[in-house]
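*Asks:* So here's input-v1.pdb, just PDB, C-alpha atoms (C1' of nucleotides):
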ATOM      1  CA  MET G   1      94.280  92.405 148.752
ATOM      2  CA  GLY G   2      97.305  92.241 146.502
ATOM      3  CA  THR G   3      95.778  89.741 144.103
ATOM      4  CA  ILE G   4      92.629  91.808 143.790
ATOM      5  CA  GLN G   5      94.618  94.945 143.000
ATOM      6  CA  LYS G   6      96.536  93.068 140.353
ATOM      7  CA  ASN G   7      93.360  91.732 138.763
ATOM      8  CA  LEU G   8      91.932  95.241 138.786
ATOM      9  CA  GLY G   9      94.949  96.232 136.707
ATOM     10  CA  LEU G  10      96.774  98.044 139.504
ATOM     11  CA  LYS G  11     100.014  96.122 139.390
ATOM     12  CA  HIS G  12     102.009  98.564 141.475
ATOM     13  CA  LYS G  13      99.531  98.352 144.315
ATOM     14  CA  TYR G  14      99.851  94.612 144.006
ATOM     15  CA  MET G  15     103.620  94.993 144.386
ATOM     16  CA  ALA G  16     103.124  97.269 147.380
ATOM     17  CA  TYR G  17     100.964  94.679 149.148
ATOM     18  CA  THR G  18     103.372  91.909 148.228
ATOM     19  CA  THR G  19     106.432  93.663 149.642
ATOM     20  CA  ALA G  20     104.542  94.670 152.771
ATOM     21  CA  ALA G  21     103.434  91.057 153.275
ATOM     22  CA  GLY G  22     106.991  89.865 152.690
ATOM     23  CA  ALA G  23     108.387  92.296 155.245
ATOM     24  CA  LEU G  24     105.742  91.205 157.738
ATOM     25  CA  ALA G  25     106.515  87.531 157.188
ATOM     26  CA  ALA G  26     110.259  88.110 157.514
ATOM     27  CA  TYR G  27     109.930  90.045 160.759
ATOM     28  CA  PRO G  28     111.162  87.790 163.556
ATOM     29  CA  LYS G  29     108.931  89.099 166.335
ATOM     30  CA  ARG G  30     105.227  89.499 166.799
ATOM     31  CA  ILE G  31     103.909  92.823 165.610
ATOM     32  CA  PRO G  32     101.956  94.414 168.469
ATOM     33  CA  SER G  33     100.242  97.158 166.490
ATOM     34  CA  GLY G  34      99.749  98.749 163.108
ATOM     35  CA  ALA G  35     101.736 101.771 164.213
ATOM     36  CA  VAL G  36     104.731  99.609 165.112
ATOM     37  CA  ALA G  37     104.430  97.777 161.792
ATOM     38  CA  GLN G  38     104.534 101.067 159.927
ATOM     39  CA  LYS G  39     107.548 102.193 161.924
ATOM     40  CA  GLU G  40     109.525  98.971 161.758
ATOM     41  CA  LEU G  41     108.743  97.497 158.381
ATOM     42  CA  ASP G  42     109.905  98.749 155.029
ATOM     43  CA  GLY G  43     106.971  98.807 152.656
ATOM     44  CA  VAL G  44     104.333  99.290 155.334
ATOM     45  CA  GLY G  45     102.953 102.810 155.302
ATOM     46  CA  GLN G  46      99.956 104.460 156.871
ATOM     47  CA  LYS G  47      97.231 102.647 154.944
ATOM     48  CA  ILE G  48      98.585  99.146 155.419
ATOM     49  CA  GLY G  49      99.508 100.012 158.997
ATOM     50  CA  LEU G  50      95.840 100.797 159.669
ATOM     51  CA  LYS G  51      94.807  97.539 157.999
ATOM     52  CA  ILE G  52      97.214  95.580 160.200
ATOM     53  CA  GLN G  53      95.736  97.294 163.248
ATOM     54  CA  GLU G  54      92.224  96.398 162.105
ATOM     55  CA  ILE G  55      93.196  92.756 161.720
ATOM     56  CA  LEU G  56      94.802  92.745 165.164
ATOM     57  CA  ASP G  57      91.661  94.287 166.669
ATOM     58  CA  THR G  58      88.914  92.411 164.861
ATOM     59  CA  GLY G  59      90.592  89.441 163.201
ATOM     60  CA  LYS G  60      89.414  90.530 159.784
ATOM     61  CA  LEU G  61      89.546  93.264 157.182
ATOM     62  CA  LYS G  62      86.335  95.000 156.167
ATOM     63  CA  LYS G  63      87.660  96.164 152.826
ATOM     64  CA  LEU G  64      88.700  92.632 151.903
ATOM     65  CA  ASP G  65      85.361  91.184 152.985
ATOM     66  CA  GLN G  66      83.655  93.820 150.858
ATOM     67  CA  TYR G  67      85.680  92.812 147.845
ATOM     68  CA  ASN G  68      85.055  89.130 148.441
ATOM     69  CA  SER G  69      81.312  89.661 148.666
ATOM     70  CA  ASP G  70      81.244  91.601 145.396
ATOM     71  CA  PRO G  71      80.243  89.159 142.629
ATOM     72  CA  LYS G  72      82.151  91.153 140.038
ATOM     73  CA  ILE G  73      85.353  90.923 142.020
ATOM     74  CA  VAL G  74      84.815  87.219 142.664
ATOM     75  CA  THR G  75      84.362  86.609 138.931
ATOM     76  CA  LEU G  76      87.326  88.838 138.130
ATOM     77  CA  ASN G  77      89.542  86.768 140.402
ATOM     78  CA  LEU G  78      88.245  83.560 138.825
ATOM     79  CA  LEU G  79      88.735  84.606 135.185
ATOM     80  CA  CYS G  80      92.207  85.983 135.846
ATOM     81  CA  ARG G  81      93.297  82.508 136.948
ATOM     82  CA  VAL G  82      93.079  81.458 133.294
ATOM     83  CA  THR G  83      96.456  81.959 131.643
ATOM     84  CA  GLY G  84      96.145  84.507 128.873
ATOM     85  CA  VAL G  85      93.333  86.318 130.647
ATOM     86  CA  GLY G  86      94.310  89.546 132.377
ATOM     87  CA  PRO G  87      92.472  92.532 133.825
ATOM     88  CA  ALA G  88      91.429  93.992 130.459
ATOM     89  CA  ALA G  89      89.935  90.819 128.984
ATOM     90  CA  ALA G  90      88.307  89.792 132.271
ATOM     91  CA  ARG G  91      86.629  93.180 132.691
ATOM     92  CA  LYS G  92      85.306  93.091 129.150
ATOM     93  CA  TRP G  93      83.731  89.656 129.640
ATOM     94  CA  ILE G  94      82.315  90.445 133.068
ATOM     95  CA  ASP G  95      80.548  93.467 131.566
ATOM     96  CA  SER G  96      78.965  91.179 128.989
ATOM     97  CA  GLY G  97      77.722  88.725 131.619
ATOM     98  CA  VAL G  98      80.367  86.005 131.785
ATOM     99  CA  LYS G  99      80.353  84.405 135.244
ATOM    100  CA  THR G 100      82.074  81.043 135.043
ATOM    101  CA  ILE G 101      84.818  79.224 133.187
ATOM    102  CA  GLU G 102      82.028  77.358 131.369
ATOM    103  CA  ASP G 103      80.647  80.689 130.153
ATOM    104  CA  LEU G 104      84.123  81.630 129.005
ATOM    105  CA  LYS G 105      84.282  78.584 126.736
ATOM    106  CA  LYS G 106      81.499  80.104 124.625
ATOM    107  CA  GLU G 107      83.320  83.410 124.116
ATOM    108  CA  LYS G 108      85.744  84.306 121.379
ATOM    109  CA  LEU G 109      89.154  83.468 122.802
ATOM    110  CA  ASN G 110      92.637  83.876 121.424
ATOM    111  CA  HIS G 111      94.846  80.812 121.184
ATOM    112  CA  HIS G 112      96.593  81.367 124.517
ATOM    113  CA  GLN G 113      93.260  81.702 126.305
ATOM    114  CA  GLU G 114      91.851  78.578 124.595
ATOM    115  CA  ILE G 115      94.733  76.581 126.027
ATOM    116  CA  GLY G 116      94.287  78.300 129.382
ATOM    117  CA  VAL G 117      90.658  77.183 129.564
ATOM    118  CA  LYS G 118      91.399  73.715 128.215
ATOM    119  CA  TYR G 119      93.911  72.983 130.981
ATOM    120  CA  PHE G 120      92.448  75.209 133.675
ATOM    121  CA  GLU G 121      92.478  72.518 136.385
ATOM    122  CA  ASP G 122      95.766  70.937 135.363
ATOM    123  CA  PHE G 123      97.697  74.221 135.438
ATOM    124  CA  GLU G 124      96.742  74.847 139.049
ATOM    125  CA  LYS G 125      98.205  71.557 140.192
ATOM    126  CA  ARG G 126     101.724  71.498 141.630
ATOM    127  CA  ILE G 127     104.402  69.366 140.013
ATOM    128  CA  PRO G 128     106.058  66.879 142.385
ATOM    129  CA  ARG G 129     109.843  66.848 142.351
ATOM    130  CA  SER G 130     109.901  63.260 141.095
ATOM    131  CA  GLU G 131     107.943  64.318 138.009
ATOM    132  CA  MET G 132     110.235  67.319 137.540
ATOM    133  CA  GLN G 133     113.123  64.871 137.425
ATOM    134  CA  GLU G 134     111.365  62.798 134.780
ATOM    135  CA  ILE G 135     110.707  65.930 132.742
ATOM    136  CA  LYS G 136     114.319  66.986 133.126
ATOM    137  CA  ASN G 137     115.492  63.631 131.790
ATOM    138  CA  ILE G 138     113.223  63.798 128.773
ATOM    139  CA  VAL G 139     114.226  67.372 127.925
ATOM    140  CA  LYS G 140     117.956  66.813 128.472
ATOM    141  CA  THR G 141     118.097  63.563 126.554
ATOM    142  CA  SER G 142     116.125  64.890 123.650
ATOM    143  CA  ILE G 143     118.097  68.107 123.339
ATOM    144  CA  SER G 144     121.489  66.414 123.619
ATOM    145  CA  GLN G 145     120.489  64.126 120.742
ATOM    146  CA  LEU G 146     119.894  67.268 118.717
ATOM    147  CA  ASP G 147     123.197  68.943 119.587
ATOM    148  CA  GLN G 148     125.583  67.871 122.311
ATOM    149  CA  LEU G 149     126.904  71.393 122.757
ATOM    150  CA  ILE G 150     123.640  72.801 124.033
ATOM    151  CA  THR G 151     123.630  73.462 127.784
ATOM    152  CA  VAL G 152     120.296  72.744 129.475
ATOM    153  CA  LYS G 153     119.293  73.847 132.969
ATOM    154  CA  ILE G 154     115.960  73.429 134.725
ATOM    155  CA  CYS G 155     115.678  76.524 136.914
ATOM    156  CA  GLY G 156     113.056  77.905 139.257
ATOM    157  CA  SER G 157     112.189  76.342 142.582
ATOM    158  CA  TYR G 158     113.220  72.912 141.279
ATOM    159  CA  ARG G 159     116.825  74.037 141.090
ATOM    160  CA  ARG G 160     116.541  75.409 144.602
ATOM    161  CA  GLY G 161     115.592  71.936 145.757
ATOM    162  CA  SER G 162     111.844  72.406 146.290
ATOM    163  CA  GLU G 163     109.719  69.294 146.672
ATOM    164  CA  SER G 164     107.223  70.726 144.176
ATOM    165  CA  SER G 165     107.139  73.330 141.433
ATOM    166  CA  GLY G 166     104.494  75.431 139.729
ATOM    167  CA  ASP G 167     105.867  75.101 136.231
ATOM    168  CA  VAL G 168     108.953  74.036 134.276
ATOM    169  CA  ASP G 169     111.522  76.700 133.478
ATOM    170  CA  VAL G 170     114.218  75.597 131.045
ATOM    171  CA  LEU G 171     117.269  77.717 130.269
ATOM    172  CA  ILE G 172     119.501  76.866 127.350
ATOM    173  CA  THR G 173     122.590  78.224 125.649
ATOM    174  CA  HIS G 174     125.018  77.165 122.955
ATOM    175  CA  PRO G 175     128.713  78.119 122.570
ATOM    176  CA  LYS G 176     128.026  79.409 119.083
ATOM    177  CA  PHE G 177     125.135  81.565 120.166
ATOM    178  CA  THR G 178     126.839  84.796 121.231
ATOM    179  CA  ASN G 179     125.814  88.430 121.369
ATOM    180  CA  GLU G 180     127.840  88.979 118.228
ATOM    181  CA  LYS G 181     126.080  86.256 116.317
ATOM    182  CA  LYS G 182     122.702  87.085 117.746
ATOM    183  CA  GLU G 183     121.742  88.802 114.509
ATOM    184  CA  GLN G 184     121.791  85.424 112.828
ATOM    185  CA  LYS G 185     119.479  83.995 115.423
ATOM    186  CA  ASP G 186     116.612  83.666 112.995
ATOM    187  CA  THR G 187     118.686  81.313 110.851
ATOM    188  CA  PHE G 188     120.206  79.574 113.809
ATOM    189  CA  ASP G 189     116.744  78.822 115.164
ATOM    190  CA  LEU G 190     117.724  76.606 118.052
ATOM    191  CA  ILE G 191     114.440  76.910 119.869
ATOM    192  CA  LYS G 192     112.360  75.959 116.858
ATOM    193  CA  ARG G 193     114.428  72.820 116.302
ATOM    194  CA  ILE G 194     114.145  71.854 119.948
ATOM    195  CA  VAL G 195     110.405  72.453 119.958
ATOM    196  CA  ASP G 196     109.956  70.371 116.799
ATOM    197  CA  ARG G 197     111.791  67.507 118.371
ATOM    198  CA  LEU G 198     109.970  67.633 121.699
ATOM    199  CA  GLU G 199     106.696  67.816 119.828
ATOM    200  CA  LYS G 200     107.584  64.809 117.734
ATOM    201  CA  ILE G 201     108.091  62.630 120.799
ATOM    202  CA  LYS G 202     104.668  63.789 122.088
ATOM    203  CA  PHE G 203     106.182  65.669 125.016
ATOM    204  CA  LEU G 204     105.002  69.136 123.976
ATOM    205  CA  THR G 205     101.258  69.108 123.424
ATOM    206  CA  ASP G 206     100.348  72.775 122.842
ATOM    207  CA  HIS G 207     102.149  76.035 122.114
ATOM    208  CA  LEU G 208     101.398  79.441 123.599
ATOM    209  CA  ALA G 209     104.258  81.505 122.200
ATOM    210  CA  ASN G 210     106.986  80.240 119.947
ATOM    211  CA  GLY G 211     109.756  82.724 119.199
ATOM    212  CA  THR G 212     113.468  82.671 118.499
ATOM    213  CA  GLN G 213     114.518  83.496 122.061
ATOM    214  CA  GLN G 214     111.629  82.259 124.098
ATOM    215  CA  TYR G 215     109.112  79.431 123.960
ATOM    216  CA  MET G 216     106.029  79.058 126.148
ATOM    217  CA  GLY G 217     103.917  75.955 125.924
ATOM    218  CA  VAL G 218     102.442  72.837 127.436
ATOM    219  CA  CYS G 219     104.101  69.494 128.113
ATOM    220  CA  LYS G 220     103.003  66.102 129.358
ATOM    221  CA  ILE G 221     104.998  63.071 130.311
ATOM    222  CA  PRO G 222     103.908  60.691 127.569
ATOM    223  CA  LYS G 223     101.989  58.208 129.657
ATOM    224  CA  GLU G 224      98.377  57.516 130.500
ATOM    225  CA  GLY G 225      96.741  59.960 132.895
ATOM    226  CA  ALA G 226      99.584  62.470 132.862
ATOM    227  CA  ILE G 227      98.804  66.037 133.909
ATOM    228  CA  ALA G 228      99.450  68.905 131.489
ATOM    229  CA  ARG G 229     102.219  71.225 132.701
ATOM    230  CA  ARG G 230     103.288  74.710 131.750
ATOM    231  CA  ILE G 231     106.800  74.795 130.327
ATOM    232  CA  ASP G 232     108.999  77.686 129.216
ATOM    233  CA  ILE G 233     112.225  77.360 127.248
ATOM    234  CA  LYS G 234     114.508  80.379 127.058
ATOM    235  CA  LEU G 235     117.616  80.789 124.956
ATOM    236  CA  PHE G 236     120.359  83.129 126.124
ATOM    237  CA  PRO G 237     123.623  84.072 124.404
ATOM    238  CA  LYS G 238     126.521  82.513 126.265
ATOM    239  CA  GLU G 239     127.682  85.866 127.669
ATOM    240  CA  SER G 240     124.383  86.195 129.508
ATOM    241  CA  PHE G 241     123.891  82.597 130.515
ATOM    242  CA  TYR G 242     125.126  82.667 134.105
ATOM    243  CA  THR G 243     123.438  85.912 135.044
ATOM    244  CA  ALA G 244     120.270  84.491 133.494
ATOM    245  CA  LEU G 245     120.730  81.232 135.388
ATOM    246  CA  LEU G 246     121.108  83.136 138.651
ATOM    247  CA  HIS G 247     118.087  85.271 137.843
ATOM    248  CA  PHE G 248     115.735  82.473 136.831
ATOM    249  CA  THR G 249     116.757  80.248 139.712
ATOM    250  CA  GLY G 250     115.645  82.995 142.079
ATOM    251  CA  SER G 251     114.062  83.271 144.404
ATOM    252  CA  GLY G 252     112.583  86.665 143.649
ATOM    253  CA  GLU G 253     113.559  87.738 147.133
ATOM    254  CA  HIS G 254     117.116  86.507 146.639
ATOM    255  CA  ASN G 255     117.294  88.408 143.332
ATOM    256  CA  ARG G 256     116.252  91.622 145.054
ATOM    257  CA  GLN G 257     118.914  91.105 147.732
ATOM    258  CA  LEU G 258     121.669  90.501 145.190
ATOM    259  CA  SER G 259     120.566  93.458 143.104
ATOM    260  CA  CYS G 260     120.694  95.654 146.184
ATOM    261  CA  ILE G 261     124.182  94.440 147.131
ATOM    262  CA  ALA G 262     125.307  95.025 143.542
ATOM    263  CA  ILE G 263     124.115  98.628 143.541
ATOM    264  CA  ASN G 264     125.822  99.303 146.888
ATOM    265  CA  LYS G 265     129.102  97.973 145.546
ATOM    266  CA  GLY G 266     128.926  99.907 142.298
ATOM    267  CA  PHE G 267     127.487  97.303 139.951
ATOM    268  CA  LYS G 268     124.286  96.661 138.131
ATOM    269  CA  LEU G 269     123.071  93.075 138.060
ATOM    270  CA  SER G 270     120.411  91.888 135.644
ATOM    271  CA  GLU G 271     119.452  88.673 133.896
ATOM    272  CA  PHE G 272     121.554  89.850 130.942
ATOM    273  CA  SER G 273     124.779  91.001 132.576
ATOM    274  CA  ILE G 274     126.699  92.373 135.491
ATOM    275  CA  THR G 275     128.201  95.776 134.748
ATOM    276  CA  PRO G 276     130.272  98.281 136.716
ATOM    277  CA  VAL G 277     128.572 101.582 137.410
ATOM    278  CA  GLY G 278     130.815 104.614 137.857
ATOM    279  CA  SER G 279     130.264 107.248 140.539
ATOM    280  CA  THR G 280     128.766 109.399 137.792
ATOM    281  CA  GLY G 281     126.208 106.708 137.112
ATOM    282  CA  VAL G 282     127.651 105.748 133.761
ATOM    283  CA  GLU G 283     127.351 102.042 133.068
ATOM    284  CA  GLY G 284     130.445 100.163 131.922
ATOM    285  CA  ALA G 285     130.845  97.136 129.688
ATOM    286  CA  PRO G 286     129.512  93.824 131.028
ATOM    287  CA  ILE G 287     132.002  91.811 133.085
ATOM    288  CA  PRO G 288     132.409  88.354 131.541
ATOM    289  CA  VAL G 289     131.542  85.516 133.932
ATOM    290  CA  GLN G 290     131.711  81.761 133.465
ATOM    291  CA  SER G 291     129.868  80.582 136.516
ATOM    292  CA  GLU G 292     127.427  81.753 139.136
ATOM    293  CA  LYS G 293     130.220  81.792 141.692
ATOM    294  CA  GLU G 294     132.129  84.414 139.720
ATOM    295  CA  ILE G 295     129.170  86.740 140.083
ATOM    296  CA  TYR G 296     129.247  86.301 143.861
ATOM    297  CA  ASP G 297     133.005  86.899 143.769
ATOM    298  CA  ILE G 298     132.528  90.180 141.940
ATOM    299  CA  LEU G 299     129.980  91.226 144.535
ATOM    300  CA  GLY G 300     132.417  90.189 147.263
ATOM    301  CA  ILE G 301     130.030  87.839 149.032
ATOM    302  CA  PRO G 302     130.357  84.118 149.727
ATOM    303  CA  PHE G 303     128.903  81.831 147.091
ATOM    304  CA  ARG G 304     125.705  80.068 148.031
ATOM    305  CA  LYS G 305     124.421  77.117 146.098
ATOM    306  CA  PRO G 306     120.907  77.479 144.686
ATOM    307  CA  SER G 307     119.596  75.097 147.355
ATOM    308  CA  GLU G 308     120.824  77.454 150.073
TER     309      GLU G 308
ATOM    310  C1'  DC Z   1     103.394 117.041 145.287
ATOM    311  C1'  DC Z   2     104.399 113.605 141.975
ATOM    312  C1'  DG Z   3     106.761 109.967 139.314
ATOM    313  C1'  DA Z   4     108.912 105.237 139.856
ATOM    314  C1'  DC Z   5     107.813 100.863 141.161
ATOM    315  C1'  DA Z   6     112.136  96.299 135.402
ATOM    316  C1'  DG Z   7     112.325  95.755 130.990
ATOM    317  C1'  DC Z   8     111.153  92.802 127.365
ATOM    318  C1'  DG Z   9     109.510  88.825 124.013
ATOM    319  C1'  DC Z  10     105.611  87.285 121.706
ATOM    320  C1'  DA Z  11     100.691  87.423 119.959
ATOM    321  C1'  DT Z  12      97.271  90.239 118.601
ATOM    322  C1'  DC Z  13      94.940  94.469 117.668
ATOM    323  C1'  DC Z  14      94.606  98.991 115.550
ATOM    324  C1'  DG Z  15      95.213 102.611 112.270
ATOM    325  C1'  DC Z  16      96.843 103.570 107.955
TER     326       DC Z  16
ATOM    327  C1'  DG F   1     100.716  94.545 104.206
ATOM    328  C1'  DC F   2     103.104  97.223 107.691
ATOM    329  C1'  DG F   3     104.602  99.743 111.941
ATOM    330  C1'  DG F   4     103.255 100.845 116.365
ATOM    331  C1'  DA F   5     100.347 100.105 120.557
ATOM    332  C1'  DT F   6      98.421  97.038 123.861
ATOM    333  C1'  DG F   7      97.765  92.888 126.732
ATOM    334  C1'  DC F   8      99.933  89.368 128.932
ATOM    335  C1'  DG F   9     103.361  86.546 131.188
ATOM    336  C1'  DG F  10     107.369  85.487 134.051
TER     337       DG F  10
ATOM    338  C1'  DG C   1     100.169 101.760 148.348
ATOM    339  C1'  DT C   2     104.901 103.246 149.532
ATOM    340  C1'  DC C   3     108.909 105.649 148.962
ATOM    341  C1'  DG C   4     111.825 109.353 147.902
ATOM    342  C1'  DG C   5     113.250 113.427 145.182
TER     343       DG C   5
END
Please re-express this file's structure in structure tokens.
*Replies:*
Amino acid sequence: MGTIQKNLGLKHKYMAYTTAAGALAAYPKRIPSGAVAQKELDGVGQKIGLKIQEILDTGKLKKLDQYNSDPKIVTLNLLCRVTGVGPAAARKWIDSGVKTIEDLKKEKLNHHQEIGVKYFEDFEKRIPRSEMQEIKNIVKTSISQLDQLITVKICGSYRRGSESSGDVDVLITHPKFTNEKKEQKDTFDLIKRIVDRLEKIKFLTDHLANGTQQYMGVCKIPKEGAIARRIDIKLFPKESFYTALLHFTGSGEHNRQLSCIAINKGFKLSEFSITPVGSTGVEGAPIPVQSEKEIYDILGIPFRKPSE
DNA sequence: CCGACAGCGCATCCGC
DNA sequence: GCGGATGCGG
DNA sequence: GTCGG
């Protein structure tokens, strides 16, 4: 239900379904009824409570079956799997008769969508940890040849120790790239130089977005039969690096927990900084941190490695 | 009853 | 050509 | 869709 709401353009309903599902999954006991679910679980209200009851009673959900038997919804869900295609573009094409990915190839697409269609199958394949390690080696080696001072971290589920990942999330920083010198970022142009280099060795094959702070593109291990992978490279000023590292290592659930703890203890934690928040709600200057552990220390909770 | 639900970088579109 | 709005992604 | 002001 959540995915459908998202593809319809109702992203907050999507969030509502996602949190409700998360609460349900995290609940240690069996839920005997929709009413109990609504009472016990944060994020489950009347409507979802009734849906839970229906599933308990009948084993299915009428509303969901209705959606799944609606050809427009089925096509919507298909088209939205293409990266670069969202609710607005999908709706437009469905109205003009597009039904399949093959149909989509004949439409006028922007660059991002062209790449999305080109690698449609590849992008849905998981990346085994062994391949992530190969990718990490290529990226690290190549970047260190460019400038030894650049710090490179592969984040996401890989950093948490997962046996497979959905994409490659690379975080970088440089001691000379600070908030103060950020204004010169266009001349500094670290990302562009890195992208050039990785392109030259045939690692990056296509680009989706190529800015001064953020790159999104496609990479392949340069060997026969390799699968195309989505890769992001993000540059953070050194003051923000460890909060960013924490944030992009996740998980999303872990981020929400930390954020909640931070608020309770009078801080605000984001990917950019950790700041004190006074009782009046006024936000203070960011607290400098030089490791992830220091952030845990500030929050007064024991440090847990990403893999925990 | 009604707004928040994160905020932002990049590509592209739109109006001028 | 330019500034702002929109779509999209993570 | 859910929560909270």
*Asks:* Nearest to chain C among G:Leu41, G:Val117, G:Leu204, G:Cys155, with distances taken over only C-alpha atoms (C1' of nucleotides): which residue is it?
*Replies:*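 So, comparing all the options, the nearest one is G:Leu41.
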*Asks:* Anything within 12 Å of (98.6, 85.3, 119.3): list those residues as a PyMOL selection string, counting only C-alpha atoms (C1' of nucleotides) and sticking to the file's coordinates.
*Replies:* (chain G and resi 84+109-115+207-211+216) or (chain Z and resi 10-13) or (chain F and resi 7-8)
*Asks:* Could you tell me how far CA of Lys11 in chain G sits from CA of Gln53 in chain G, in Å to one decimal place?
*Replies:*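 Taking CA of Gln53 in chain G and CA of Lys11 in chain G, their separation equals 24.3 Å.
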*Asks:* Quick check on the file I pasted: which residues fall under the PyMOL selection byres ((chain F and resi 4) around 12)? Write them as a PyMOL selection string.
*Replies:* (chain Z and resi 13-16) or (chain F and resi 2-3+5-6)
*Asks:* Using all atoms listed in the file, select each residue of chain G with any atom at most 9 Å away from an atom of chain C, and give the selection as a PyMOL selection string.
*Replies:* chain G and resi 12-17+42-48
*Asks:* For the atom pair CA of Tyr67 in chain G and CA of Glu253 in chain G, what is the interatomic distance in Å to one decimal place?
*Replies:*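 Distance reported for this atom pair: 28.3 Å.
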*Asks:* Report the residues retrieved by the PyMOL selection byres ((chain G) within 9 of (chain F)) from the displayed file, expressed as a list in words.
*Replies:*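 Checking the PyMOL selection byres ((chain G) within 9 of (chain F)) against this file, the residues are Thr83, Gly84, Val85, Gly86, Pro87, Ala88 and Ala89 of chain G.
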*Asks:* Go ahead and save the residues from that selection, with C-alpha atoms, as an mmCIF file, in the frame of the given file.
*Replies:*
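Here's the written file out12.cif:
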data_model
loop_
_atom_site.group_PDB
_atom_site.id
_atom_site.type_symbol
_atom_site.label_atom_id
_atom_site.label_comp_id
_atom_site.auth_asym_id
_atom_site.auth_seq_id
_atom_site.Cartn_x
_atom_site.Cartn_y
_atom_site.Cartn_z
ATOM 1 C CA THR G 83 96.456 81.959 131.643
ATOM 2 C CA GLY G 84 96.145 84.507 128.873
ATOM 3 C CA VAL G 85 93.333 86.318 130.647
ATOM 4 C CA GLY G 86 94.310 89.546 132.377
ATOM 5 C CA PRO G 87 92.472 92.532 133.825
ATOM 6 C CA ALA G 88 91.429 93.992 130.459
ATOM 7 C CA ALA G 89 89.935 90.819 128.984
#
*Asks:* Take the PyMOL selection byres ((chain G and resi 125) around 10), run it mentally on this structure, and tell me the resulting residues as a list in words.
*Replies:*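 Evaluating the PyMOL selection byres ((chain G and resi 125) around 10) on this file yields Phe120, Glu121, Asp122, Phe123, Glu124, Arg126, Ile127, Pro128, Ser164, Ser165, Gly166, Asp167, Ile227, Ala228 and Arg229 of chain G.
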*Asks:* Taking (106.9, 76.5, 129.4) in the file's coordinates as the center, which residues reach within 8 Å of it, counting only C-alpha atoms (C1' of nucleotides), put as a PyMOL selection string?
*Replies:* chain G and resi 167-170+215-219+229-233
*Asks:* What is the distance between CA of Thr58 in chain G and CA of Ala20 in chain G, in Å to one decimal?
*Replies:* 19.9 Å
*Asks:* Compare G:Val282, G:Leu171, G:Leu76, G:Leu269 by their minimum atom-to-atom distance to chain Z, counting all atoms listed in the file, and give me the closest one.
*Replies:*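 Nearest to chain Z: G:Leu269.
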*Asks:* Which residue out of G:Cys260, G:Thr212, G:Pro302, G:Ile191 has the minimum interatomic distance to chain Z when only C-alpha atoms (C1' of nucleotides) are used?
*Replies:*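 Looking at the shortest contact to chain Z, the residue is G:Thr212.
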*Asks:* So, counting all atoms listed in the file, which residue among G:Leu149, G:Ile154, G:Leu235, G:Leu78 is closest to chain Z?
*Replies:* G:Leu235
*Asks:* With all atoms of range 213-225 of chain G from the file as input, state the centre and edge lengths in Å to one decimal of the axis-aligned box that has 6 Å extra on each side, as JSON.
*Replies:*
{"center_x": 105.6, "center_y": 70.5, "center_z": 127.5, "size_x": 29.8, "size_y": 38.0, "size_z": 22.8}
